[in-house]
Amino acid sequence: MKKQIITLAVASCLLSSCGIYTKYERPEVKTDGLYGQDVAVEDTTSIASLSWRELFTDPQLQSLIEHALQGNTDLQSAHWRIKEAEATLSSARLAYLPSFMLTPQGGVSSFDKSKGSWTYTGIASASWEIDIFGKLTNAKRRAKALYLQSLEYEQAVTTSLIANVANMYYTLLMLDAQYNVSAETAVKWRESVKTMRAMKAAGMTDEAGVAQTEANCYMVEASLLDIRQQIREVENSLSILLGDVPGAIERGKLEGQDFPEELAVGVPLQLLSRRPDVKSAELSLAQAFYGTNAARSAFYPSITLGGTAGWTNSAGSMIINPGKLLLSAVGSLTQPLFNKGLNMAQLKIAKAQQEEAKLSFQQALLNAGSEVNNALTQVQVARGKTELRDGQITSLETAVRSTQLLMKHGNSTYLEVLTAQQSLLSAQLTQIADRFNEIQGIINLYQALGGGRE
């Protein structure tokens with residue numbers, strides 16, 4: 001008995017050293033400077049810890065996001081993917097239990113036209129594979145990693161959906177603001193056309209000035225139709241995300257949209273627990289790890305216990321009544337002998353897949369750090385333009401008024417007036433785009449940090 005215990009202990013140590021039962025542990029990853037050397041990381045506070053309702057305070061946008069979370073088809077598909085992974089995990093867990101099979105048989109036989117005799121056999125068989133060498137355990141752990149990955153896939157779809165709805169919503173607000181500015185400019189251009197015609201009648205300008213002013217007025221009015229088309233296309237795209245037919249989208253205004261001034265990014269290590277794509281890549285690595293363990297366990301024998309039990313009224317060529325009880329038990333050990341080369345090849349494939357998964361995990365983390373840096377830079381640049389753009393517009397408004405007065409007194413040409421007006425319209429539209437870029441950068445940063453988890 002003592003000898004058997006020592007043998008089992010030695011065998012357990014050998015199996016552990018072979019890595020058959022080893023659990024996955026995250027490889028060492030370097031996150032220092034992941035956000036870039038110019039990004040100061042002071043504490044663990046991050047805007048990603050805010051719920052999307054806290055970040056997006058516009059009531060119309062909140063309603064749209066809630067609608068999308070209920071009706072989006074991609075998110076519904078992700079739910080079914082989780083159900084599939086749950087079934088796979090349940091199947092892997094049930095593999096630990098014995099399997100049963102009932103095989104009843106019956107028939108009538110007659111010899112030399114004698115009276116037929118009825119024979120029957122009712123047998124229930126069972127088999128149970130003992131998981132000494134980790135085959136079932138690694139399959140279960142791999143299935144669990146797949147299930148967790150399906151949850152991260154759903155989270156990735158959710159986070160992306162929230163960000164896309166918000167981006168499209170604020171795109172509509174930007175287009176609305178640009179449409180209003182262009183419409184106001186069109187009104188002013190129509191007044192300029194009237195003024196130029198009056199000045200031509202008074203001999204203060206020529207037909208070329210009137211024609212050029214009219215052409216610019218037509219250009220601005222045509223741009224209104226372009227913006228109207230863009231609005232409709234964005235509304236249709238947003239309706240698709242909501243799972244609705246195309247239609248108008250209720251919305252607020254770009255002015256007054258409120259966002260945090262301080263955009264804390266937290267420590268890079270948080271990406272490992274918040275970013276769904278990074279977590280999914282790590283779970284793929286875990287699956288590959290357990291796949292390698294399973295490939296190692298193929299070198300060891302399989303031990304299966306089996307047995308049958310049942311009733312029969314037949315024993316060989318003799319008919320016995322009443323029925324007799326049949327019982328049998330068997331144990332089998334299957335040791336691979338001639339497929340060592342195949343098992344070695346499968347192990348090499350599993351190891352290569354594990355290394356590929358490790359590189360994919362590292363690359364996902366690097367991509368995440370780059371996205372955080374890009375989004376933060378986008379916000380900072382857009383905010384830095386705000387004061388400069390305000391000064392530019394103030395100067396251009398002064399230039400428009402001055403050139404118009406000078407032209408009326410004959411000290412300036414219509415070309416200077418047109419140039420000033422065009423420059424003012426361009427600056428106003430760009431100012432609106434800068435505000436949208438700032439908001440879009442905040443949305444991108446929120447998504448890049450793994451925000452949107454409830």
# chains A, B, ... in the order shown; residues from 1 in each chain; ligands from 1

call {"tool": "residues_around", "arguments": {"residues": "stretch 400-406 of chain A", "least_positions_apart": "3", "cutoff": "10 Å", "atoms": "only C-alpha atoms", "output": "JSON, numbers by chain"}}
result
{"A": [192, 395, 396, 397, 409, 410, 411, 412, 413, 414, 415, 416, 417, 418, 419, 420, 421, 422, 423, 424]}

call {"tool": "write_last_selection", "arguments": {"atoms": "C-alpha atoms", "output": "JSON list (two decimals), in the first residue's frame"}}
result
[["chain", "number", "residue", "atom", "x", "y", "z"],
["A", 192, "SER", "CA", -25.53, 91.71, -51.02],
["A", 395, "SER", "CA", -11.30, 89.60, -37.19],
["A", 396, "LEU", "CA", -13.11, 88.34, -40.29],
["A", 397, "GLU", "CA", -16.42, 89.85, -39.16],
["A", 409, "HIS", "CA", -17.55, 104.79, -50.69],
["A", 410, "GLY", "CA", -15.51, 103.63, -53.65],
["A", 411, "ASN", "CA", -12.34, 102.82, -51.77],
["A", 412, "SER", "CA", -12.57, 99.02, -52.16],
["A", 413, "THR", "CA", -13.52, 96.52, -54.87],
["A", 414, "TYR", "CA", -16.26, 93.89, -54.78],
["A", 415, "LEU", "CA", -13.57, 91.16, -54.92],
["A", 416, "GLU", "CA", -12.28, 92.20, -51.49],
["A", 417, "VAL", "CA", -15.81, 92.04, -50.09],
["A", 418, "LEU", "CA", -16.44, 88.59, -51.60],
["A", 419, "THR", "CA", -13.15, 87.28, -50.30],
["A", 420, "ALA", "CA", -13.87, 88.50, -46.78],
["A", 421, "GLN", "CA", -17.38, 87.01, -46.79],
["A", 422, "GLN", "CA", -16.16, 83.63, -48.09],
["A", 423, "SER", "CA", -13.37, 83.53, -45.51],
["A", 424, "LEU", "CA", -15.86, 84.29, -42.72]]

call {"tool": "residues_around", "arguments": {"residues": "A:Gln392", "least_positions_apart": "2", "cutoff": "12 Å", "atoms": "only C-alpha atoms", "output": "ChimeraX atom specification"}}
result
/A:385-390,394-399,420,423-428,430-431

call {"tool": "atom_distance", "arguments": {"atom1": "atom CA of A:Arg141", "atom2": "atom CA of A:Ala281"}}
result
16.0 Å

call {"tool": "closest_residue", "arguments": {"among": "A:Gln380, A:Ser284, A:Asn437, A:Gln70", "to": "A:Leu359", "atoms": "only C-alpha atoms"}}
result
A:Ser284

call {"tool": "atom_distance", "arguments": {"atom1": "atom CA of A:Gln76", "atom2": "atom CA of A:Ser49"}}
result
24.8 Å

call {"tool": "atom_distance", "arguments": {"atom1": "atom CA of A:Tyr446", "atom2": "atom CA of A:Gln62"}}
result
15.7 Å

call {"tool": "closest_residue", "arguments": {"among": "A:Asn374, A:Thr292, A:Ser63, A:Thr185", "to": "A:Met344", "atoms": "only C-alpha atoms"}}
result
A:Thr292

call {"tool": "select_by_dssp", "arguments": {"residues": "stretch 107-262 of chain A", "states": "strand (DSSP E)", "output": "ChimeraX atom specification"}}
result
/A:107-109,117-130

call {"tool": "write_last_selection", "arguments": {"atoms": "C-alpha atoms", "output": "short mmCIF file (atom, residue, chain, number, x, y, z; two decimals), in the first residue's frame"}}
result
data_model
loop_
_atom_site.label_atom_id
_atom_site.label_comp_id
_atom_site.auth_asym_id
_atom_site.auth_seq_id
_atom_site.Cartn_x
_atom_site.Cartn_y
_atom_site.Cartn_z
CA GLY A 107 -37.35 -11.22 -31.88
CA VAL A 108 -39.24 -14.35 -32.80
CA SER A 109 -37.49 -17.48 -34.09
CA SER A 117 -40.38 -18.59 -29.66
CA TRP A 118 -40.03 -15.04 -28.38
CA THR A 119 -36.70 -13.87 -27.05
CA TYR A 120 -35.83 -10.52 -25.62
CA THR A 121 -32.85 -8.72 -24.21
CA GLY A 122 -32.97 -5.40 -22.39
CA ILE A 123 -29.50 -4.06 -21.69
CA ALA A 124 -28.36 -0.75 -20.28
CA SER A 125 -24.69 0.06 -20.76
CA ALA A 126 -22.55 2.75 -19.17
CA SER A 127 -19.06 4.10 -19.75
CA TRP A 128 -17.01 6.56 -17.76
CA GLU A 129 -13.69 8.05 -18.77
CA ILE A 130 -11.50 8.81 -15.76
#

call {"tool": "closest_residue", "arguments": {"among": "A:Lys408, A:Glu255, A:Thr88, A:Ala364", "to": "A:Ala139", "atoms": "only C-alpha atoms"}}
result
A:Thr88

call {"tool": "closest_residue", "arguments": {"among": "A:Val210, A:Leu136, A:Ile82, A:Ala68", "to": "A:Tyr153", "atoms": "only C-alpha atoms"}}
result
A:Ile82

call {"tool": "closest_residue", "arguments": {"among": "A:Ser99, A:Gln362, A:Thr377, A:Gln447", "to": "A:Lys30", "atoms": "only C-alpha atoms"}}
result
A:Gln362

call {"tool": "closest_residue", "arguments": {"among": "A:Ile303, A:Ala375, A:Ser77, A:Ala288", "to": "A:Ala352", "atoms": "only C-alpha atoms"}}
result
A:Ala288
